[in-house]
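*Asks:* Questions regarding the structure given below will be posed in turn.
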Amino acid sequence: MKTLITNAYVLDMVGDTANIGKKDILINNNVIEKIDKDIDKKIEVETKINAKNMLIMPGIVNTHTHLAMSIFRGYKTDKKLMDWLENAIFPVEEKLKPEDIYWNSYLSCLEMIKSGTTTCNDMYFGMNKTVEAIEDTGLRAIVAWCIKDDSIKDKVEKTREYAEIYNNNKKSKIKIYVSADSPHTCNPDTIKLCVDLAKELNTGLHIHLSETIDEEIKIKSRYKKRSTEYLNDLNVFDVPVVLANGIYVSDTDIELLKSIKGGISHNPISNCKLSSGICDVVKLRENGINVGLGTDGIGSTTTMDMFEEMKTAAYLQKVSTMKPSSILAYDILKMATIEGAKVLGLENEIGTLEPGKKADMIFIKTDKLHMCPPNDVCENIVYSSNGADVDSVMIDGKLIMQNRKMINLDEKHVMRQVKKIAKKLL
Ligand SMILES: [Zn+2]
């Protein structure tokens, strides 16, 4: 099936500077076949889309999520991470039924699509229901069962079972990673087990790293080393990794991180809301380390809108370096697209708009007051627009949202379900 998109301004995210031009896009099934100034309009296609007044860019990549945590939006907040987890979140999580995980995840998926995210990287427990929600909503995703010292066996089994199904299926939009929760909840034996499992399944590992200073202090007193050294000594960096947060990394840690495959997921709003600290994105990127953007779970980030994360990431670097040019709008857009794809090892499939890549793209409506005049399109996207400006979303060549209407997905129904769950558990 072929689709021809005409009259769009395309921001392809290829190269080190913004490349924007009025172009047509020809899609063959789920793959971009051609992007050109004037594709023959008489070409035979099944679908034609007129993208007048739209900017088309690659779908946004959210590199760290806990989709099932949507139920915790605004719940017992204004706490530090461990206080919040232990006294607000963990007691409720114990009561979550598989059906609850499905609807909570479904809500996060819809919220992501509505704000332009086409790929996410999720870790949690009870992931089989999250996988169902991801499949039912049409997102592209990497998913992992979060392994900790106190819950190993069933998660290892599920990881193996699902990796067998999904990682061997080239048509699948879902890929299975291994997940160890964090250095402070995984002892050396658990970490080693996760690394061995990732090697056995030929996949990557998703783990939280150095999110708070308290975790660093704990690891130092337990093992007499820093979290990054702890992971390095256990050969974690032999496999591709997604390291969520990476706030307290020293210069010697950065030396160790320079050679990793994958990268760091920066979650600026969650880090602000929990008063965790500021990741030195500028220094990490200067050292050649891939840094993608993430939301983390809704409880600590409040929305899945990656446009908010883009702005916050930029502001944090500008104020922490006291240098407005420390990070540019185009750098931030790269982090939200191609660099995020590199963090997830998906850079050959997504992250830019080029022939041969998967047709994951978003249509941003630009004829709006808050984007006028278009002096600098990248500045407008990062600082002036928001997720509600995303008009249409295509994933794997298929329109999931058009003119802000979800196609075949019922927003009202999922809201009713999640409200019911919140009423029961909170
Ligand atoms: Zn997290």
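Chain identifiers are assigned as A, B, and so on, following the order in which chains appear in the structure tokens; residues are numbered from 1 within each chain, and ligands are numbered from 1 in order of appearance.
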Pick out each residue of range 209-319 of chain A that DSSP on the backbone tags as strand (DSSP E); I need them as a PyMOL selection string.
*Replies:* chain A and resi 209+241-245+262-266+291-293
*Asks:* Excluding range 72-86 of chain A and its own-chain neighbours fewer than 4 positions away, which residues fall within 8 Å of it when counting only C-alpha atoms? Please give them as a PyMOL selection string.
*Replies:* chain A and resi 90-91+212+273-276+298-300+302-303
*Asks:* Could the residues in this selection be saved with N, CA and C atoms as an mmCIF file, in the first residue's frame?
*Replies:*
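Output below, filename result.cif:
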```
data_model
loop_
_atom_site.group_PDB
_atom_site.id
_atom_site.type_symbol
_atom_site.label_atom_id
_atom_site.label_comp_id
_atom_site.auth_asym_id
_atom_site.auth_seq_id
_atom_site.Cartn_x
_atom_site.Cartn_y
_atom_site.Cartn_z
ATOM 1 N N PHE A 90 4.600 2.370 46.457
ATOM 2 C CA PHE A 90 4.710 0.910 46.641
ATOM 3 C C PHE A 90 3.464 0.283 47.283
ATOM 4 N N PRO A 91 2.876 0.905 48.338
ATOM 5 C CA PRO A 91 1.688 0.266 48.939
ATOM 6 C C PRO A 91 0.525 0.114 47.952
ATOM 7 N N THR A 212 19.429 9.914 42.451
ATOM 8 C CA THR A 212 19.500 10.803 43.620
ATOM 9 C C THR A 212 20.857 10.659 44.323
ATOM 10 N N LYS A 273 10.744 17.775 39.685
ATOM 11 C CA LYS A 273 9.604 17.620 40.589
ATOM 12 C C LYS A 273 10.008 16.911 41.884
ATOM 13 N N LEU A 274 10.927 15.926 41.751
ATOM 14 C CA LEU A 274 11.368 15.175 42.932
ATOM 15 C C LEU A 274 12.589 15.822 43.592
ATOM 16 N N SER A 275 12.981 17.001 43.103
ATOM 17 C CA SER A 275 14.203 17.692 43.589
ATOM 18 C C SER A 275 15.402 16.754 43.582
ATOM 19 N N SER A 276 15.535 15.958 42.518
ATOM 20 C CA SER A 276 16.620 14.971 42.473
ATOM 21 C C SER A 276 17.953 15.601 42.075
ATOM 22 N N ILE A 298 4.212 8.926 35.013
ATOM 23 C CA ILE A 298 3.394 10.141 35.134
ATOM 24 C C ILE A 298 3.363 10.679 36.568
ATOM 25 N N GLY A 299 3.454 9.794 37.562
ATOM 26 C CA GLY A 299 3.412 10.260 38.956
ATOM 27 C C GLY A 299 4.447 11.333 39.244
ATOM 28 N N SER A 300 5.637 11.176 38.676
ATOM 29 C CA SER A 300 6.677 12.164 38.972
ATOM 30 C C SER A 300 6.864 13.182 37.856
ATOM 31 N N THR A 302 4.123 14.183 35.661
ATOM 32 C CA THR A 302 2.802 14.832 35.511
ATOM 33 C C THR A 302 2.135 14.740 34.134
ATOM 34 N N THR A 303 2.884 14.731 33.032
ATOM 35 C CA THR A 303 2.270 14.458 31.727
ATOM 36 C C THR A 303 3.260 13.672 30.865
#
```
*Asks:* Quick one: DSSP helix (DSSP H, G or I) residues in range 171-391 of chain A, as a CSV table (one decimal) with N, CA and C atoms, in the first residue's frame?
*Replies:*
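Once everything was written out, this is result-v6.csv:
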```
chain,number,residue,atom,x,y,z
A,188,PRO,N,25.1,-7.6,43.4
A,188,PRO,CA,25.9,-8.1,42.3
A,188,PRO,C,25.4,-9.3,41.6
A,189,ASP,N,24.8,-10.3,42.3
A,189,ASP,CA,24.3,-11.5,41.7
A,189,ASP,C,23.2,-11.2,40.8
A,190,THR,N,22.3,-10.3,41.2
A,190,THR,CA,21.1,-9.9,40.4
A,190,THR,C,21.6,-9.2,39.1
A,191,ILE,N,22.5,-8.3,39.3
A,191,ILE,CA,23.0,-7.6,38.1
A,191,ILE,C,23.7,-8.5,37.1
A,192,LYS,N,24.5,-9.5,37.6
A,192,LYS,CA,25.2,-10.4,36.8
A,192,LYS,C,24.2,-11.3,36.0
A,193,LEU,N,23.1,-11.7,36.7
A,193,LEU,CA,22.0,-12.5,36.1
A,193,LEU,C,21.4,-11.7,34.9
A,194,CYS,N,21.2,-10.4,35.2
A,194,CYS,CA,20.5,-9.6,34.1
A,194,CYS,C,21.5,-9.4,32.9
A,195,VAL,N,22.7,-9.2,33.2
A,195,VAL,CA,23.7,-9.1,32.1
A,195,VAL,C,23.8,-10.4,31.3
A,196,ASP,N,23.8,-11.5,32.0
A,196,ASP,CA,23.9,-12.8,31.3
A,196,ASP,C,22.6,-13.0,30.5
A,197,LEU,N,21.5,-12.6,31.0
A,197,LEU,CA,20.2,-12.8,30.3
A,197,LEU,C,20.2,-11.9,29.0
A,198,ALA,N,20.7,-10.7,29.1
A,198,ALA,CA,20.7,-9.8,28.0
A,198,ALA,C,21.7,-10.4,26.9
A,199,LYS,N,22.8,-11.0,27.3
A,199,LYS,CA,23.7,-11.6,26.4
A,199,LYS,C,23.1,-12.8,25.7
A,200,GLU,N,22.4,-13.6,26.6
A,200,GLU,CA,21.7,-14.8,26.0
A,200,GLU,C,20.7,-14.5,25.0
A,213,ILE,N,21.2,11.7,45.1
A,213,ILE,CA,22.5,11.6,45.9
A,213,ILE,C,22.4,10.5,46.9
A,214,ASP,N,21.2,10.3,47.5
A,214,ASP,CA,21.0,9.3,48.5
A,214,ASP,C,21.4,7.9,48.0
A,215,GLU,N,21.0,7.6,46.7
A,215,GLU,CA,21.4,6.3,46.2
A,215,GLU,C,22.9,6.2,46.1
A,216,GLU,N,23.5,7.3,45.6
A,216,GLU,CA,25.0,7.3,45.5
A,216,GLU,C,25.7,7.0,46.8
A,217,ILE,N,25.1,7.6,47.9
A,217,ILE,CA,25.7,7.4,49.2
A,217,ILE,C,25.6,6.0,49.7
A,218,LYS,N,24.4,5.4,49.4
A,218,LYS,CA,24.1,4.0,49.7
A,218,LYS,C,25.1,3.1,49.0
A,219,ILE,N,25.3,3.3,47.7
A,219,ILE,CA,26.2,2.4,46.9
A,219,ILE,C,27.6,2.5,47.4
A,220,LYS,N,28.0,3.8,47.7
A,220,LYS,CA,29.4,4.0,48.2
A,220,LYS,C,29.6,3.3,49.5
A,221,SER,N,28.7,3.4,50.4
A,221,SER,CA,28.9,2.7,51.7
A,221,SER,C,28.8,1.2,51.6
A,222,ARG,N,28.0,0.7,50.7
A,222,ARG,CA,27.9,-0.7,50.5
A,222,ARG,C,29.1,-1.4,49.8
A,223,TYR,N,29.5,-0.7,48.7
A,223,TYR,CA,30.5,-1.3,47.8
A,223,TYR,C,31.8,-0.5,47.7
A,227,SER,N,28.1,4.3,41.6
A,227,SER,CA,27.2,3.4,40.9
A,227,SER,C,27.7,3.0,39.5
A,228,THR,N,28.2,4.0,38.8
A,228,THR,CA,28.7,3.7,37.5
A,228,THR,C,29.9,2.7,37.5
A,229,GLU,N,30.8,2.9,38.5
A,229,GLU,CA,31.9,1.9,38.7
A,229,GLU,C,31.3,0.5,39.0
A,230,TYR,N,30.3,0.5,39.9
A,230,TYR,CA,29.7,-0.7,40.3
A,230,TYR,C,29.1,-1.5,39.1
A,231,LEU,N,28.4,-0.8,38.2
A,231,LEU,CA,27.9,-1.4,37.0
A,231,LEU,C,29.0,-1.9,36.0
A,232,ASN,N,30.0,-1.0,35.9
A,232,ASN,CA,31.1,-1.3,35.0
A,232,ASN,C,31.9,-2.6,35.5
A,233,ASP,N,32.1,-2.7,36.8
A,233,ASP,CA,32.8,-3.8,37.3
A,233,ASP,C,32.0,-5.1,37.2
A,236,VAL,N,28.2,-4.6,33.0
A,236,VAL,CA,27.0,-4.2,32.5
A,236,VAL,C,27.2,-3.5,31.1
A,237,PHE,N,28.3,-2.8,30.9
A,237,PHE,CA,28.5,-2.1,29.7
A,237,PHE,C,29.0,-3.0,28.5
A,238,ASP,N,29.0,-4.3,28.8
A,238,ASP,CA,29.3,-5.2,27.6
A,238,ASP,C,28.1,-5.3,26.7
A,251,ASP,N,33.5,12.8,36.6
A,251,ASP,CA,34.4,12.8,35.4
A,251,ASP,C,34.9,11.4,35.1
A,252,THR,N,35.3,10.7,36.2
A,252,THR,CA,35.8,9.3,36.0
A,252,THR,C,34.7,8.4,35.5
A,253,ASP,N,33.4,8.6,35.9
A,253,ASP,CA,32.3,7.9,35.4
A,253,ASP,C,32.1,8.1,33.9
A,254,ILE,N,32.3,9.4,33.6
A,254,ILE,CA,32.1,9.8,32.1
A,254,ILE,C,33.1,9.0,31.3
A,255,GLU,N,34.3,8.9,31.8
A,255,GLU,CA,35.3,8.1,31.0
A,255,GLU,C,34.8,6.7,30.8
A,256,LEU,N,34.2,6.1,31.8
A,256,LEU,CA,33.6,4.7,31.6
A,256,LEU,C,32.5,4.7,30.7
A,257,LEU,N,31.7,5.8,30.7
A,257,LEU,CA,30.4,5.8,29.9
A,257,LEU,C,30.7,6.1,28.4
A,268,PRO,N,14.0,15.4,32.6
A,268,PRO,CA,14.2,16.7,33.3
A,268,PRO,C,13.0,17.1,34.2
A,269,ILE,N,11.8,16.8,33.8
A,269,ILE,CA,10.7,17.3,34.7
A,269,ILE,C,10.6,16.4,36.0
A,270,SER,N,10.7,15.1,35.8
A,270,SER,CA,10.7,14.3,37.0
A,270,SER,C,11.8,14.6,37.9
A,271,ASN,N,13.0,14.9,37.4
A,271,ASN,CA,14.2,15.3,38.2
A,271,ASN,C,13.9,16.6,38.9
A,272,CYS,N,13.2,17.5,38.3
A,272,CYS,CA,12.9,18.8,39.0
A,272,CYS,C,11.8,18.5,40.0
A,273,LYS,N,10.7,17.8,39.7
A,273,LYS,CA,9.6,17.6,40.6
A,273,LYS,C,10.0,16.9,41.9
A,281,VAL,N,23.8,17.4,30.9
A,281,VAL,CA,23.6,16.9,29.5
A,281,VAL,C,24.7,17.5,28.6
A,282,VAL,N,25.1,18.7,28.8
A,282,VAL,CA,26.0,19.4,27.9
A,282,VAL,C,27.4,18.6,28.0
A,283,LYS,N,27.8,18.3,29.2
A,283,LYS,CA,29.1,17.6,29.4
A,283,LYS,C,29.0,16.2,28.8
A,284,LEU,N,27.9,15.5,29.1
A,284,LEU,CA,27.8,14.1,28.6
A,284,LEU,C,27.9,14.1,27.0
A,285,ARG,N,27.1,15.0,26.4
A,285,ARG,CA,27.1,15.1,24.9
A,285,ARG,C,28.5,15.5,24.4
A,286,GLU,N,29.1,16.5,25.1
A,286,GLU,CA,30.5,16.9,24.7
A,286,GLU,C,31.4,15.7,24.6
A,298,ILE,N,4.2,8.9,35.0
A,298,ILE,CA,3.4,10.1,35.1
A,298,ILE,C,3.4,10.7,36.6
A,299,GLY,N,3.5,9.8,37.6
A,299,GLY,CA,3.4,10.3,39.0
A,299,GLY,C,4.4,11.3,39.2
A,300,SER,N,5.6,11.2,38.7
A,300,SER,CA,6.7,12.2,39.0
A,300,SER,C,6.9,13.2,37.9
A,301,THR,N,6.3,12.9,36.7
A,301,THR,CA,6.5,13.9,35.6
A,301,THR,C,5.3,14.7,35.2
A,306,MET,N,6.2,15.3,25.6
A,306,MET,CA,7.6,15.4,25.4
A,306,MET,C,8.0,16.8,25.0
A,307,PHE,N,7.1,17.6,24.5
A,307,PHE,CA,7.4,19.0,24.2
A,307,PHE,C,7.7,19.8,25.5
A,308,GLU,N,7.0,19.4,26.6
A,308,GLU,CA,7.3,20.0,27.9
A,308,GLU,C,8.8,19.6,28.4
A,309,GLU,N,9.1,18.3,28.1
A,309,GLU,CA,10.4,17.8,28.5
A,309,GLU,C,11.5,18.5,27.7
A,310,MET,N,11.2,18.8,26.4
A,310,MET,CA,12.2,19.5,25.6
A,310,MET,C,12.5,20.9,26.1
A,311,LYS,N,11.4,21.6,26.5
A,311,LYS,CA,11.6,23.0,27.0
A,311,LYS,C,12.4,22.9,28.3
A,312,THR,N,12.0,22.0,29.2
A,312,THR,CA,12.6,21.9,30.5
A,312,THR,C,14.1,21.6,30.4
A,313,ALA,N,14.4,20.6,29.5
A,313,ALA,CA,15.8,20.2,29.3
A,313,ALA,C,16.6,21.4,28.9
A,314,ALA,N,16.1,22.1,28.0
A,314,ALA,CA,16.8,23.3,27.5
A,314,ALA,C,17.1,24.3,28.6
A,315,TYR,N,16.0,24.7,29.3
A,315,TYR,CA,16.1,25.7,30.3
A,315,TYR,C,17.1,25.2,31.4
A,316,LEU,N,17.0,24.0,31.8
A,316,LEU,CA,17.9,23.5,32.9
A,316,LEU,C,19.4,23.6,32.5
A,317,GLN,N,19.7,23.3,31.2
A,317,GLN,CA,21.1,23.4,30.8
A,317,GLN,C,21.6,24.8,30.7
A,318,LYS,N,20.7,25.7,30.2
A,318,LYS,CA,21.0,27.1,30.1
A,318,LYS,C,21.3,27.8,31.4
A,319,VAL,N,20.4,27.4,32.4
A,319,VAL,CA,20.6,28.0,33.7
A,319,VAL,C,21.8,27.4,34.5
A,320,SER,N,22.0,26.1,34.4
A,320,SER,CA,23.0,25.4,35.1
A,320,SER,C,24.4,25.8,34.6
A,321,THR,N,24.5,26.0,33.3
A,321,THR,CA,25.8,26.4,32.8
A,321,THR,C,25.9,28.0,32.7
A,324,PRO,N,23.6,30.7,27.6
A,324,PRO,CA,22.4,30.5,26.8
A,324,PRO,C,22.7,29.6,25.5
A,325,SER,N,24.0,29.7,25.1
A,325,SER,CA,24.3,28.9,23.8
A,325,SER,C,24.7,27.5,24.2
A,326,SER,N,24.7,27.1,25.5
A,326,SER,CA,25.2,25.8,25.8
A,326,SER,C,24.4,24.7,25.1
A,329,ALA,N,18.2,24.8,20.2
A,329,ALA,CA,16.9,24.1,19.9
A,329,ALA,C,17.1,22.9,19.1
A,330,TYR,N,18.0,22.9,18.1
A,330,TYR,CA,18.2,21.8,17.2
A,330,TYR,C,18.8,20.6,18.0
A,331,ASP,N,19.7,20.9,19.0
A,331,ASP,CA,20.3,19.9,19.8
A,331,ASP,C,19.1,19.2,20.6
A,332,ILE,N,18.2,20.0,21.1
A,332,ILE,CA,17.1,19.4,21.9
A,332,ILE,C,16.2,18.5,21.0
A,333,LEU,N,16.0,19.0,19.8
A,333,LEU,CA,15.2,18.2,18.9
A,333,LEU,C,15.9,16.9,18.5
A,334,LYS,N,17.2,16.9,18.4
A,334,LYS,CA,18.0,15.7,18.1
A,334,LYS,C,17.8,14.7,19.3
A,335,MET,N,17.9,15.3,20.5
A,335,MET,CA,17.7,14.4,21.7
A,335,MET,C,16.4,13.7,21.7
A,336,ALA,N,15.4,14.5,21.2
A,336,ALA,CA,14.0,13.9,21.2
A,336,ALA,C,13.7,13.0,20.1
A,338,ILE,N,16.5,11.5,16.8
A,338,ILE,CA,17.6,10.6,16.4
A,338,ILE,C,18.5,10.2,17.6
A,339,GLU,N,18.8,11.1,18.5
A,339,GLU,CA,19.7,10.7,19.6
A,339,GLU,C,19.0,9.8,20.5
A,340,GLY,N,17.6,10.0,20.7
A,340,GLY,CA,16.8,9.0,21.5
A,340,GLY,C,16.8,7.7,20.9
A,341,ALA,N,16.7,7.7,19.5
A,341,ALA,CA,16.7,6.4,18.8
A,341,ALA,C,18.0,5.7,19.0
A,342,LYS,N,19.1,6.5,19.0
A,342,LYS,CA,20.5,5.9,19.2
A,342,LYS,C,20.6,5.3,20.6
A,343,VAL,N,20.0,6.0,21.6
A,343,VAL,CA,20.0,5.4,23.0
A,343,VAL,C,19.3,4.1,23.0
A,369,LEU,N,-1.2,31.3,16.5
A,369,LEU,CA,-0.7,32.5,17.1
A,369,LEU,C,0.7,32.4,17.7
A,370,HIS,N,0.8,31.3,18.6
A,370,HIS,CA,2.0,31.1,19.3
A,370,HIS,C,3.2,30.6,18.5
A,371,MET,N,3.0,30.4,17.2
A,371,MET,CA,4.1,30.1,16.4
A,371,MET,C,4.3,31.1,15.2
A,377,VAL,N,12.1,27.9,13.0
A,377,VAL,CA,11.1,26.8,13.2
A,377,VAL,C,11.5,25.9,14.3
A,378,CYS,N,12.8,25.6,14.5
A,378,CYS,CA,13.2,24.8,15.6
A,378,CYS,C,13.0,25.4,16.9
A,379,GLU,N,13.3,26.7,17.0
A,379,GLU,CA,13.0,27.5,18.3
A,379,GLU,C,11.5,27.4,18.6
A,380,ASN,N,10.7,27.6,17.5
A,380,ASN,CA,9.2,27.6,17.7
A,380,ASN,C,8.7,26.2,18.3
A,381,ILE,N,9.3,25.1,17.7
A,381,ILE,CA,8.9,23.8,18.2
A,381,ILE,C,9.3,23.6,19.6
A,382,VAL,N,10.5,23.9,19.9
A,382,VAL,CA,11.0,23.6,21.3
A,382,VAL,C,10.4,24.5,22.3
A,383,TYR,N,10.4,25.8,22.0
A,383,TYR,CA,10.0,26.8,23.1
A,383,TYR,C,8.6,27.3,23.0
A,384,SER,N,8.0,27.3,21.8
A,384,SER,CA,6.6,27.9,21.7
A,384,SER,C,5.5,27.0,21.6
A,387,GLY,N,2.4,19.8,23.0
A,387,GLY,CA,1.9,18.5,22.5
A,387,GLY,C,0.5,18.7,21.7
A,388,ALA,N,-0.3,19.7,22.2
A,388,ALA,CA,-1.6,19.8,21.5
A,388,ALA,C,-1.5,20.4,20.1
A,389,ASP,N,-0.3,20.9,19.7
A,389,ASP,CA,-0.1,21.3,18.4
A,389,ASP,C,0.1,20.2,17.4
```
*Asks:* Calculated over only C-alpha atoms, which of the candidates A:Lys37, A:Lys23, A:Lys224, A:Lys258 has the smallest distance to Ile56 in chain A?
*Replies:*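 Closest to Ile56 in chain A of all the choices is A:Lys23.
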*Asks:* Using only C-alpha atoms and all ligand atoms, find each protein or nucleic acid residue lying at most 12 Å from ligand 1; present the set as a PyMOL selection string.
*Replies:* chain A and resi 62-69+81+85+121-124+146+179-182+206-212+242-246+265-271+274+294-301
*Asks:* Choose the residue, out of A:Leu11, A:Ile327, A:Leu399, A:Leu344, that has the smallest atom-to-atom separation from Tyr177 in chain A; count only C-alpha atoms.
*Replies:* A:Leu344
*Asks:* For a quick check of understanding, using only C-alpha atoms, which of A:Leu139, A:Leu328, A:Gly126, A:Ser385 has the smallest distance to Ala18 in chain A?
*Replies:*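 Of A:Leu139, A:Leu328, A:Gly126, A:Ser385, the one nearest Ala18 in chain A, counting only C-alpha atoms, is A:Leu328.
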*Asks:* I need the residue nearest Tyr102 in chain A from this list: A:Met361, A:Met127, A:Leu205, A:Ile264. Use only C-alpha atoms for the distance.
*Replies:* A:Met127
*Asks:* Could you state the separation of CA of Asp154 in chain A and CA of Asn87 in chain A in Å, given to one decimal place?
*Replies:*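 If I compute the distance from CA of Asp154 in chain A to CA of Asn87 in chain A, I get 25.5 Å.
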*Asks:* Rounded to one decimal in Å, what is the spacing between CA of Asn29 in chain A and CA of Met1 in chain A?
*Replies:*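 These atoms are spaced 4.9 Å apart.
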*Asks:* So that I can check the surroundings of range 156-166 of chain A, please list as a list of chain:residue names every protein, DNA and RNA residue that reaches within 7 Å of it, counting only C-alpha atoms and ignoring chain neighbours fewer than 4 positions away.
*Replies:*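 Selected residues are A:Ala144, A:Trp145, A:Ile152, A:Ser172, A:Ile174, A:Lys175, A:Ile176, A:Val178.
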*Asks:* Kindly indicate which residue among A:Lys148, A:Val31, A:Met406, A:Asn104 lies nearest to Val131 in chain A, using only C-alpha atoms for the distances.
*Replies:* A:Asn104
*Asks:* Determine the nearest neighbour of Glu93 in chain A from the options A:Ile71, A:Ile362, A:Cys186, A:Ile43, counting only C-alpha atoms.
*Replies:*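 Among A:Ile71, A:Ile362, A:Cys186, A:Ile43, it is A:Ile71 that comes nearest to Glu93 in chain A.
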